[in-house]
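With CSV, C-alpha atoms and all ligand atoms inside, this is target.csv:
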```
chain,number,residue,atom,x,y,z
A,549,MET,CA,89.9,155.6,14.4
A,550,TYR,CA,92.7,156.8,12.1
A,551,LYS,CA,94.5,154.4,9.8
A,552,ARG,CA,97.9,156.0,9.9
A,553,VAL,CA,99.1,158.7,12.2
A,554,LEU,CA,102.2,160.9,12.4
A,555,LEU,CA,103.5,161.5,15.9
A,556,LYS,CA,105.7,164.6,16.1
A,557,LEU,CA,108.0,164.4,19.1
A,558,SER,CA,110.3,167.3,19.9
A,559,GLY,CA,113.8,166.6,21.1
A,560,GLU,CA,112.8,168.0,24.5
A,561,GLN,CA,110.4,165.2,25.0
A,562,LEU,CA,113.3,162.7,25.0
A,563,GLN,CA,115.5,164.4,27.6
A,564,GLY,CA,113.2,163.1,30.4
A,565,LYS,CA,114.8,163.6,33.8
A,566,TYR,CA,117.9,165.2,32.2
A,567,ASN,CA,118.5,168.8,31.2
A,568,GLY,CA,119.5,167.8,27.7
A,569,GLY,CA,120.4,164.6,25.8
A,570,PHE,CA,118.5,161.4,25.7
A,571,ASP,CA,116.8,159.6,28.6
A,572,PRO,CA,116.2,155.9,27.7
A,573,GLU,CA,113.6,155.6,30.4
A,574,ARG,CA,111.5,158.3,28.8
A,575,ALA,CA,111.9,156.6,25.4
A,576,ALA,CA,110.7,153.3,26.9
A,577,TRP,CA,107.7,155.1,28.4
A,578,ILE,CA,106.9,156.5,25.0
A,579,ALA,CA,107.2,153.0,23.5
A,580,ARG,CA,104.6,151.7,26.0
A,581,GLU,CA,102.3,154.6,25.2
A,582,ILE,CA,102.6,153.9,21.4
A,583,LYS,CA,101.8,150.3,22.0
A,584,LYS,CA,98.4,151.2,23.4
A,585,ILE,CA,97.4,152.4,19.9
A,586,GLU,CA,95.0,149.7,18.7
A,587,ALA,CA,95.1,149.8,15.0
A,588,ALA,CA,96.8,152.8,13.4
A,589,GLU,CA,100.2,152.6,11.7
A,590,VAL,CA,102.7,155.0,13.3
A,591,VAL,CA,105.2,157.4,11.7
A,592,VAL,CA,107.4,159.4,14.1
A,593,MET,CA,109.0,162.7,13.1
A,594,ILE,CA,111.7,163.4,15.6
A,595,GLY,CA,113.1,166.8,16.6
A,596,GLY,CA,116.6,167.5,17.9
A,597,GLY,CA,116.2,170.4,20.3
A,598,ASN,CA,117.5,168.4,23.2
A,599,TYR,CA,120.9,168.6,21.5
A,600,ALA,CA,120.8,171.6,19.0
A,601,ARG,CA,118.5,174.0,17.2
A,602,GLY,CA,119.9,175.7,14.2
A,603,ALA,CA,118.5,179.1,15.0
A,604,GLN,CA,120.0,179.1,18.4
A,605,ILE,CA,123.6,178.0,17.6
A,606,THR,CA,124.1,180.2,14.5
A,607,GLY,CA,126.7,182.9,15.1
A,608,GLY,CA,130.2,183.3,16.3
A,609,GLY,CA,131.4,182.1,12.9
A,610,ILE,CA,128.9,179.2,12.6
A,611,SER,CA,126.8,179.8,9.5
A,612,ARG,CA,123.1,179.1,9.5
A,613,ILE,CA,123.6,176.2,7.1
A,614,THR,CA,126.2,174.6,9.4
A,615,ALA,CA,124.0,175.2,12.4
A,616,ASP,CA,121.0,173.6,10.6
A,617,ASN,CA,123.1,170.7,9.6
A,618,ILE,CA,124.1,170.2,13.2
A,619,GLY,CA,120.4,170.4,14.1
A,620,MET,CA,119.6,167.7,11.6
A,621,MET,CA,122.4,165.5,12.9
A,622,ALA,CA,120.9,166.0,16.4
A,623,THR,CA,117.6,164.5,15.1
A,624,MET,CA,119.6,161.6,13.8
A,625,MET,CA,121.1,160.8,17.2
A,626,ASN,CA,117.6,160.8,18.6
A,627,ALA,CA,116.1,158.6,15.8
A,628,VAL,CA,118.7,155.8,16.1
A,629,ALA,CA,118.5,155.7,19.9
A,630,LEU,CA,114.7,155.8,19.8
A,631,ALA,CA,114.5,153.0,17.2
A,632,ASP,CA,116.7,150.8,19.5
A,633,VAL,CA,114.7,151.6,22.6
A,634,PHE,CA,111.4,151.0,20.9
A,635,SER,CA,112.6,147.7,19.4
A,636,ALA,CA,114.0,146.6,22.8
A,637,ASN,CA,110.5,147.3,24.3
A,638,ASP,CA,108.7,145.0,21.8
A,639,LEU,CA,107.7,147.9,19.5
A,640,PRO,CA,109.5,147.1,16.2
A,641,ALA,CA,110.9,150.3,14.8
A,642,ARG,CA,113.2,151.5,12.1
A,643,ALA,CA,115.0,154.8,11.7
A,644,LEU,CA,115.1,156.3,8.2
A,645,THR,CA,117.1,159.4,7.5
A,646,SER,CA,116.5,162.3,5.1
A,647,ILE,CA,120.2,163.3,5.2
A,648,LYS,CA,122.8,161.0,3.8
A,649,ALA,CA,124.4,158.8,6.4
A,650,ASP,CA,124.7,155.3,5.0
A,651,GLN,CA,126.6,153.9,7.9
A,652,ILE,CA,124.0,155.0,10.5
A,653,ALA,CA,120.6,154.6,9.0
A,654,ASP,CA,118.8,153.7,5.7
A,655,GLN,CA,117.9,156.7,3.5
A,656,PHE,CA,114.3,157.8,3.8
A,657,THR,CA,112.3,156.9,0.7
A,658,HIS,CA,108.6,156.9,0.3
A,659,ARG,CA,108.6,153.2,-0.7
A,660,ARG,CA,110.9,152.1,2.1
A,661,ALA,CA,108.7,153.9,4.7
A,662,LEU,CA,105.5,152.2,3.4
A,663,SER,CA,107.2,148.8,3.3
A,664,HIS,CA,108.2,149.1,7.0
A,665,LEU,CA,104.7,150.3,7.9
A,666,ALA,CA,103.2,147.3,6.1
A,667,LYS,CA,105.3,145.0,8.2
A,668,GLY,CA,103.9,146.6,11.4
A,669,ARG,CA,107.0,148.6,12.2
A,670,VAL,CA,107.1,152.2,13.5
A,671,VAL,CA,109.0,154.4,11.1
A,672,ILE,CA,111.1,157.1,12.8
A,673,VAL,CA,112.3,159.8,10.4
A,674,ALA,CA,115.5,161.7,11.1
A,675,GLY,CA,116.8,164.8,9.4
A,676,GLY,CA,113.5,166.5,8.9
A,677,ILE,CA,113.3,167.3,5.2
A,678,GLY,CA,117.0,167.3,4.9
A,679,GLN,CA,117.3,171.0,4.0
A,680,PRO,CA,118.3,174.0,6.1
A,681,TYR,CA,116.0,176.9,7.2
A,682,LEU,CA,113.3,174.4,8.2
A,683,THR,CA,112.2,172.7,11.4
A,684,THR,CA,110.9,169.3,12.1
A,685,ASP,CA,107.4,170.8,12.5
A,686,THR,CA,107.4,171.7,8.9
A,687,ALA,CA,109.0,168.4,8.0
A,688,ALA,CA,106.3,166.6,10.0
A,689,VAL,CA,103.5,168.3,7.9
A,690,SER,CA,105.3,167.5,4.7
A,691,LEU,CA,105.8,163.9,5.7
A,692,ALA,CA,102.2,163.4,6.9
A,693,LEU,CA,101.0,164.6,3.5
A,694,GLN,CA,103.5,162.5,1.7
A,695,LEU,CA,102.6,159.3,3.6
A,696,GLU,CA,98.9,160.1,3.7
A,697,CYS,CA,98.7,160.2,7.5
A,698,SER,CA,95.2,161.1,8.6
A,699,VAL,CA,96.3,163.2,11.5
A,700,ILE,CA,99.5,164.7,13.0
A,701,LEU,CA,99.7,164.1,16.8
A,702,LYS,CA,101.8,166.9,18.1
A,703,ALA,CA,103.0,165.9,21.6
A,704,THR,CA,103.8,168.9,23.8
A,705,LYS,CA,104.4,169.9,27.4
A,706,VAL,CA,101.0,171.5,27.6
A,707,ASP,CA,97.6,169.9,27.2
A,708,GLY,CA,96.6,171.7,24.1
A,709,VAL,CA,96.5,175.1,22.3
A,710,TYR,CA,95.7,178.2,24.3
A,711,ASP,CA,94.3,181.6,23.2
A,712,ARG,CA,97.6,183.1,24.6
A,713,ASP,CA,100.9,181.7,25.8
A,714,PRO,CA,99.9,179.8,29.0
A,715,GLU,CA,103.4,180.1,30.4
A,716,ARG,CA,103.2,183.9,30.4
A,717,HIS,CA,99.5,184.4,30.9
A,718,PRO,CA,98.0,182.4,33.8
A,719,ASP,CA,94.5,183.3,32.6
A,720,ALA,CA,95.0,181.9,29.1
A,721,LYS,CA,92.1,179.7,28.0
A,722,LYS,CA,92.5,176.2,26.4
A,723,LEU,CA,90.8,175.7,23.1
A,724,ASP,CA,89.1,172.4,22.4
A,725,SER,CA,89.2,172.9,18.7
A,726,LEU,CA,90.0,175.6,16.1
A,727,THR,CA,90.2,175.8,12.4
A,728,LEU,CA,93.4,175.7,10.4
A,729,ARG,CA,92.5,179.2,9.1
A,730,GLN,CA,92.3,180.5,12.7
A,731,ALA,CA,95.6,178.9,13.5
A,732,VAL,CA,97.2,180.6,10.5
A,733,GLU,CA,95.6,184.0,11.1
A,734,GLN,CA,95.8,184.4,14.9
A,735,PRO,CA,99.5,185.0,15.8
A,736,ASP,CA,98.8,184.5,19.6
A,737,VAL,CA,97.5,181.0,19.0
A,738,ARG,CA,100.6,178.8,18.7
A,739,VAL,CA,100.2,175.4,17.2
A,740,MET,CA,103.4,175.0,15.2
A,741,ASP,CA,105.8,177.4,13.5
A,742,LYS,CA,104.3,179.5,10.7
A,743,ALA,CA,105.7,177.6,7.8
A,744,ALA,CA,104.4,174.3,9.2
A,745,ILE,CA,100.9,175.6,9.9
A,746,ALA,CA,100.7,177.3,6.5
A,747,LEU,CA,101.5,174.0,4.8
A,748,ALA,CA,98.9,172.2,6.9
A,749,TYR,CA,96.3,174.9,6.0
A,750,ASP,CA,97.1,174.7,2.3
A,751,HIS,CA,96.5,171.0,2.3
A,752,SER,CA,93.8,170.7,5.1
A,753,GLN,CA,96.1,168.5,7.2
A,754,GLU,CA,94.4,167.7,10.5
A,755,ILE,CA,96.6,168.2,13.7
A,756,ILE,CA,95.9,167.3,17.3
A,757,VAL,CA,98.0,169.1,20.0
A,758,PHE,CA,98.1,167.3,23.3
A,759,SER,CA,100.2,166.6,26.4
A,760,LEU,CA,102.6,163.7,25.9
A,761,LEU,CA,102.9,163.0,29.6
A,762,GLU,CA,99.1,162.4,30.1
A,763,GLU,CA,99.0,158.6,30.2
A,764,GLY,CA,96.9,157.1,27.3
A,765,SER,CA,96.7,160.3,25.4
A,766,ILE,CA,98.5,159.1,22.3
A,767,ALA,CA,96.2,156.1,22.0
A,768,ARG,CA,93.1,158.2,22.7
A,769,ALA,CA,94.1,160.8,20.0
A,770,ALA,CA,94.8,158.0,17.5
A,771,ALA,CA,91.4,156.5,18.2
A,772,GLY,CA,89.7,159.8,17.4
A,773,GLU,CA,88.6,160.3,21.0
A,774,PRO,CA,88.7,163.9,22.3
A,775,VAL,CA,92.1,164.9,23.7
A,776,GLY,CA,94.0,168.2,23.6
A,777,THR,CA,93.1,170.6,20.8
A,778,VAL,CA,91.9,169.5,17.4
A,779,ILE,CA,92.9,171.7,14.5
A,780,ARG,CA,91.1,170.9,11.2
A,781,ALA,CA,89.6,172.6,8.1
B,1,LIG,N1,116.4,171.1,10.7
B,1,LIG,C1,116.7,171.5,9.4
B,1,LIG,N2,115.9,171.0,8.4
B,1,LIG,C2,114.8,170.2,8.7
B,1,LIG,C3,114.5,169.9,10.0
B,1,LIG,C4,115.4,170.3,11.0
B,1,LIG,O1,117.6,172.2,9.2
B,1,LIG,O2,114.1,169.8,7.7
B,1,LIG,C5,117.4,171.6,11.8
B,1,LIG,C6,117.0,172.9,12.4
B,1,LIG,O3,118.2,173.6,12.7
B,1,LIG,C7,116.3,172.6,13.6
B,1,LIG,C8,117.0,171.4,14.1
B,1,LIG,O4,117.3,170.7,12.9
B,1,LIG,O5,116.3,173.6,14.6
B,1,LIG,C9,116.3,170.5,15.1
B,1,LIG,O6,114.9,170.4,14.8
B,1,LIG,P1,113.8,171.2,15.6
B,1,LIG,O7,114.2,172.5,16.0
B,1,LIG,O8,112.5,171.1,14.8
B,1,LIG,O9,113.6,170.2,16.9
B,1,LIG,P2,112.6,170.2,18.1
B,1,LIG,O10,112.4,171.7,18.5
B,1,LIG,O11,111.3,169.6,17.5
B,1,LIG,O12,113.2,169.4,19.1
```
Can you give me the file's structure in the form of structure tokens?
Amino acid sequence: MYKRVLLKLSGEQLQGKYNGGFDPERAAWIAREIKKIEAAEVVVMIGGGNYARGAQITGGGISRITADNIGMMATMMNAVALADVFSANDLPARALTSIKADQIADQFTHRRALSHLAKGRVVIVAGGIGQPYLTTDTAAVSLALQLECSVILKATKVDGVYDRDPERHPDAKKLDSLTLRQAVEQPDVRVMDKAAIALAYDHSQEIIVFSLLEEGSIARAAAGEPVGTVIRA
């Protein structure tokens, strides 16, 4: 049983039945899944890929800085919508932002995040770290370290980490566990982007990769029961 967990949701998880954008029904389903967690406090790092990813929209005159700013604004749209849907589904939640947007959400500060958590609220963090050339995976590791989350629950489309890309290699094998060193050193084993996994390795941050859509999996992972792939020192 973990005391505090960081749930990393990519933007794609929020598009649900749509090809992009935000599906409130999917968000409500996620709220119900988070409510199954028995004791742990929950921090959510939200991605923005359902609207924009910096690396993909750079070009044609759009600089990488601008593209990443757009990506960070995309995470902001997800965070405020998610906080509303969570709260409307009896899961009190607050969005905090790492980019400045006073009219939209409170600025992320360490103290503010801890205060919401102490009041039983889910804290949803928008804007990643608030700087370009980063992803919300790296931001998730940094935030988990900062808020002393025992584990990062990385929700994905697949049920764990495979020895090769399972979408391209049908004979790829699922791994029940691996070490952070293996995750850093084996390029075929994809847990998170390189910067994110390197930061996790340096600070021995435990990560569990699992399938979001498998009912009860968030709660089982938060309870320390075997689910997906566990990556630890
Ligand atoms: N981003 C950024 N700095 C951060 C976090 C995110 O510049 O600290 C930008 C980056 O362009 C990224 C986009 O925001 O592509 C959306 O985040 P991400 O790609 O991680 O979303 P996901 O794939 O998880 O939906």
Next item on the list: Taking only C-alpha atoms and all ligand atoms into account, report as a PyMOL selection string which residues have an atom no farther than 8 Å from an atom of ligand LIG 1 (chain B).
Entry: chain A and resi 556-561+594-598+600-604+613+615-623+675-687
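The list of residues with at least one atom within 10 Å of Asp724 of chain A, based on all atoms listed in the file and without residues fewer than 5 positions apart in the same chain, reads Gly708, Val709, Tyr710, Ile756, Val757, Pro774, Val775, Gly776, Thr777, Val778 and Ile779 of chain A.
Between atom CA of Ala661 of chain A and atom CA of Leu644 of chain A the separation is 7.7 Å.
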Notebook entry, point to check: Pick from A:Leu691, A:Ala587, A:Ala731, A:Leu761: nearest to Gly668 of chain A, with all atoms listed in the file counted?
Noted result: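 Going through A:Leu691, A:Ala587, A:Ala731, A:Leu761 one by one, the smallest distance to Gly668 of chain A is for A:Ala587.
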Next item on the list: Return the single residue from A:Val590, A:Ala579, A:Ala703, A:Ala746 that is closest to Gln730 of chain A, with distances computed using only C-alpha atoms.
Entry: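 Using only C-alpha atoms, the shortest distance to Gln730 of chain A belongs to A:Ala746.
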Next item on the list: Work out how far apart atom CA of Val673 of chain A and atom CA of Thr645 of chain A are and give it in Å to one decimal.
Entry: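 One can read the atom CA of Val673 of chain A to atom CA of Thr645 of chain A distance as 5.6 Å.
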Next item on the list: Give me, please, the distance in Å between atom CA of Val699 of chain A and atom CA of Gln753 of chain A, quoted to one decimal.
Entry: 6.8 Å
Check: What lies within 6 Å of Leu728 of chain A using only C-alpha atoms, ignoring chain neighbours under 4 positions off, as a list in words?
Finding: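 My reading of the contact set: Tyr749, Ile779, Arg780 and Ala781 of chain A.
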So which residues touch segment 630-639 of chain A within 9 Å, counting all atoms listed in the file, skipping near sequence neighbours fewer than 4 positions away, as a JSON list (two decimals) with C-alpha atoms, keeping the file's coordinate frame?
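around.json, freshly written:
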```json
[["chain", "number", "residue", "atom", "x", "y", "z"],
["A", 562, "LEU", "CA", 113.30, 162.70, 25.00],
["A", 570, "PHE", "CA", 118.50, 161.40, 25.70],
["A", 572, "PRO", "CA", 116.20, 155.90, 27.70],
["A", 573, "GLU", "CA", 113.60, 155.60, 30.40],
["A", 575, "ALA", "CA", 111.90, 156.60, 25.40],
["A", 576, "ALA", "CA", 110.70, 153.30, 26.90],
["A", 578, "ILE", "CA", 106.90, 156.50, 25.00],
["A", 579, "ALA", "CA", 107.20, 153.00, 23.50],
["A", 580, "ARG", "CA", 104.60, 151.70, 26.00],
["A", 582, "ILE", "CA", 102.60, 153.90, 21.40],
["A", 583, "LYS", "CA", 101.80, 150.30, 22.00],
["A", 625, "MET", "CA", 121.10, 160.80, 17.20],
["A", 626, "ASN", "CA", 117.60, 160.80, 18.60],
["A", 643, "ALA", "CA", 115.00, 154.80, 11.70],
["A", 669, "ARG", "CA", 107.00, 148.60, 12.20],
["A", 670, "VAL", "CA", 107.10, 152.20, 13.50],
["A", 671, "VAL", "CA", 109.00, 154.40, 11.10],
["A", 672, "ILE", "CA", 111.10, 157.10, 12.80]]
```
Check: In terms of the shortest atom-to-atom distance over all atoms listed in the file, which of A:Thr606, A:Ser759, A:Gln563, A:Ser611 is closest to Leu701 of chain A?
Finding: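 Once distances to Leu701 of chain A are computed over all atoms listed in the file, the minimum belongs to A:Ser759.
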Just need segment 588-600 of chain A in a file, please: all heavy atoms, as a PDB file, in the first residue's frame.
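Contents of the output file result_16.pdb:
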```
ATOM      1  N   ALA A 588      -4.295   5.839  -0.662  1.00  0.00           N
ATOM      2  CA  ALA A 588      -3.232   6.740  -1.124  1.00  0.00           C
ATOM      3  C   ALA A 588      -3.748   8.094  -1.613  1.00  0.00           C
ATOM      4  O   ALA A 588      -4.838   8.195  -2.180  1.00  0.00           O
ATOM      5  CB  ALA A 588      -2.462   6.053  -2.252  1.00  0.00           C
ATOM      6  N   GLU A 589      -2.954   9.115  -1.367  1.00  0.00           N
ATOM      7  CA  GLU A 589      -3.206  10.426  -1.977  1.00  0.00           C
ATOM      8  C   GLU A 589      -2.806  10.352  -3.449  1.00  0.00           C
ATOM      9  O   GLU A 589      -1.883   9.613  -3.805  1.00  0.00           O
ATOM     10  CB  GLU A 589      -2.364  11.493  -1.270  1.00  0.00           C
ATOM     11  CG  GLU A 589      -2.748  11.692   0.185  1.00  0.00           C
ATOM     12  CD  GLU A 589      -1.793  12.603   0.931  1.00  0.00           C
ATOM     13  OE1 GLU A 589      -0.697  12.910   0.398  1.00  0.00           O
ATOM     14  OE2 GLU A 589      -2.125  12.984   2.052  1.00  0.00           O
ATOM     15  N   VAL A 590      -3.500  11.126  -4.270  1.00  0.00           N
ATOM     16  CA  VAL A 590      -3.285  10.999  -5.719  1.00  0.00           C
ATOM     17  C   VAL A 590      -2.912  12.342  -6.346  1.00  0.00           C
ATOM     18  O   VAL A 590      -3.625  13.343  -6.192  1.00  0.00           O
ATOM     19  CB  VAL A 590      -4.546  10.446  -6.425  1.00  0.00           C
ATOM     20  CG1 VAL A 590      -4.308  10.321  -7.930  1.00  0.00           C
ATOM     21  CG2 VAL A 590      -4.956   9.101  -5.833  1.00  0.00           C
ATOM     22  N   VAL A 591      -1.787  12.326  -7.065  1.00  0.00           N
ATOM     23  CA  VAL A 591      -1.356  13.461  -7.866  1.00  0.00           C
ATOM     24  C   VAL A 591      -1.441  13.002  -9.323  1.00  0.00           C
ATOM     25  O   VAL A 591      -1.031  11.879  -9.633  1.00  0.00           O
ATOM     26  CB  VAL A 591       0.111  13.840  -7.550  1.00  0.00           C
ATOM     27  CG1 VAL A 591       0.551  15.039  -8.376  1.00  0.00           C
ATOM     28  CG2 VAL A 591       0.302  14.086  -6.069  1.00  0.00           C
ATOM     29  N   VAL A 592      -1.991  13.836 -10.195  1.00  0.00           N
ATOM     30  CA  VAL A 592      -2.071  13.467 -11.611  1.00  0.00           C
ATOM     31  C   VAL A 592      -1.197  14.421 -12.423  1.00  0.00           C
ATOM     32  O   VAL A 592      -1.321  15.643 -12.292  1.00  0.00           O
ATOM     33  CB  VAL A 592      -3.531  13.552 -12.139  1.00  0.00           C
ATOM     34  CG1 VAL A 592      -3.580  13.260 -13.636  1.00  0.00           C
ATOM     35  CG2 VAL A 592      -4.436  12.579 -11.385  1.00  0.00           C
ATOM     36  N   MET A 593      -0.298  13.867 -13.235  1.00  0.00           N
ATOM     37  CA  MET A 593       0.406  14.673 -14.237  1.00  0.00           C
ATOM     38  C   MET A 593      -0.295  14.373 -15.553  1.00  0.00           C
ATOM     39  O   MET A 593      -0.358  13.218 -15.980  1.00  0.00           O
ATOM     40  CB  MET A 593       1.881  14.280 -14.302  1.00  0.00           C
ATOM     41  CG  MET A 593       2.672  14.954 -15.430  1.00  0.00           C
ATOM     42  SD  MET A 593       2.680  16.755 -15.381  1.00  0.00           S
ATOM     43  CE  MET A 593       3.766  17.075 -14.004  1.00  0.00           C
ATOM     44  N   ILE A 594      -0.816  15.431 -16.164  1.00  0.00           N
ATOM     45  CA  ILE A 594      -1.619  15.211 -17.356  1.00  0.00           C
ATOM     46  C   ILE A 594      -0.861  15.639 -18.618  1.00  0.00           C
ATOM     47  O   ILE A 594      -0.229  16.689 -18.636  1.00  0.00           O
ATOM     48  CB  ILE A 594      -2.992  15.943 -17.208  1.00  0.00           C
ATOM     49  CG1 ILE A 594      -3.912  15.606 -18.361  1.00  0.00           C
ATOM     50  CG2 ILE A 594      -2.850  17.436 -17.061  1.00  0.00           C
ATOM     51  CD1 ILE A 594      -4.422  14.205 -18.298  1.00  0.00           C
ATOM     52  N   GLY A 595      -0.935  14.822 -19.648  1.00  0.00           N
ATOM     53  CA  GLY A 595      -0.316  15.146 -20.931  1.00  0.00           C
ATOM     54  C   GLY A 595      -1.241  16.003 -21.787  1.00  0.00           C
ATOM     55  O   GLY A 595      -2.296  16.452 -21.334  1.00  0.00           O
ATOM     56  N   GLY A 596      -0.825  16.213 -23.023  1.00  0.00           N
ATOM     57  CA  GLY A 596      -1.608  17.082 -23.906  1.00  0.00           C
ATOM     58  C   GLY A 596      -1.692  16.580 -25.339  1.00  0.00           C
ATOM     59  O   GLY A 596      -2.180  17.277 -26.225  1.00  0.00           O
ATOM     60  N   GLY A 597      -1.204  15.351 -25.547  1.00  0.00           N
ATOM     61  CA  GLY A 597      -1.087  14.822 -26.904  1.00  0.00           C
ATOM     62  C   GLY A 597      -2.404  14.681 -27.663  1.00  0.00           C
ATOM     63  O   GLY A 597      -2.395  14.537 -28.879  1.00  0.00           O
ATOM     64  N   ASN A 598      -3.538  14.722 -26.960  1.00  0.00           N
ATOM     65  CA  ASN A 598      -4.838  14.687 -27.643  1.00  0.00           C
ATOM     66  C   ASN A 598      -5.114  16.003 -28.369  1.00  0.00           C
ATOM     67  O   ASN A 598      -6.010  16.061 -29.218  1.00  0.00           O
ATOM     68  CB  ASN A 598      -5.969  14.386 -26.651  1.00  0.00           C
ATOM     69  CG  ASN A 598      -5.942  15.294 -25.426  1.00  0.00           C
ATOM     70  OD1 ASN A 598      -4.873  15.754 -25.022  1.00  0.00           O
ATOM     71  ND2 ASN A 598      -7.080  15.553 -24.847  1.00  0.00           N
ATOM     72  N   TYR A 599      -4.366  17.035 -28.040  1.00  0.00           N
ATOM     73  CA  TYR A 599      -4.472  18.317 -28.749  1.00  0.00           C
ATOM     74  C   TYR A 599      -3.187  18.647 -29.516  1.00  0.00           C
ATOM     75  O   TYR A 599      -3.244  18.992 -30.680  1.00  0.00           O
ATOM     76  CB  TYR A 599      -4.764  19.457 -27.771  1.00  0.00           C
ATOM     77  CG  TYR A 599      -6.127  19.414 -27.130  1.00  0.00           C
ATOM     78  CD1 TYR A 599      -6.261  19.178 -25.764  1.00  0.00           C
ATOM     79  CD2 TYR A 599      -7.283  19.637 -27.869  1.00  0.00           C
ATOM     80  CE1 TYR A 599      -7.508  19.148 -25.159  1.00  0.00           C
ATOM     81  CE2 TYR A 599      -8.535  19.614 -27.269  1.00  0.00           C
ATOM     82  CZ  TYR A 599      -8.644  19.367 -25.913  1.00  0.00           C
ATOM     83  OH  TYR A 599      -9.877  19.341 -25.323  1.00  0.00           O
ATOM     84  N   ALA A 600      -2.046  18.588 -28.849  1.00  0.00           N
ATOM     85  CA  ALA A 600      -0.793  19.006 -29.492  1.00  0.00           C
ATOM     86  C   ALA A 600       0.419  18.440 -28.776  1.00  0.00           C
ATOM     87  O   ALA A 600       0.431  18.351 -27.544  1.00  0.00           O
ATOM     88  CB  ALA A 600      -0.706  20.534 -29.476  1.00  0.00           C
TER      89      ALA A 600
END
```
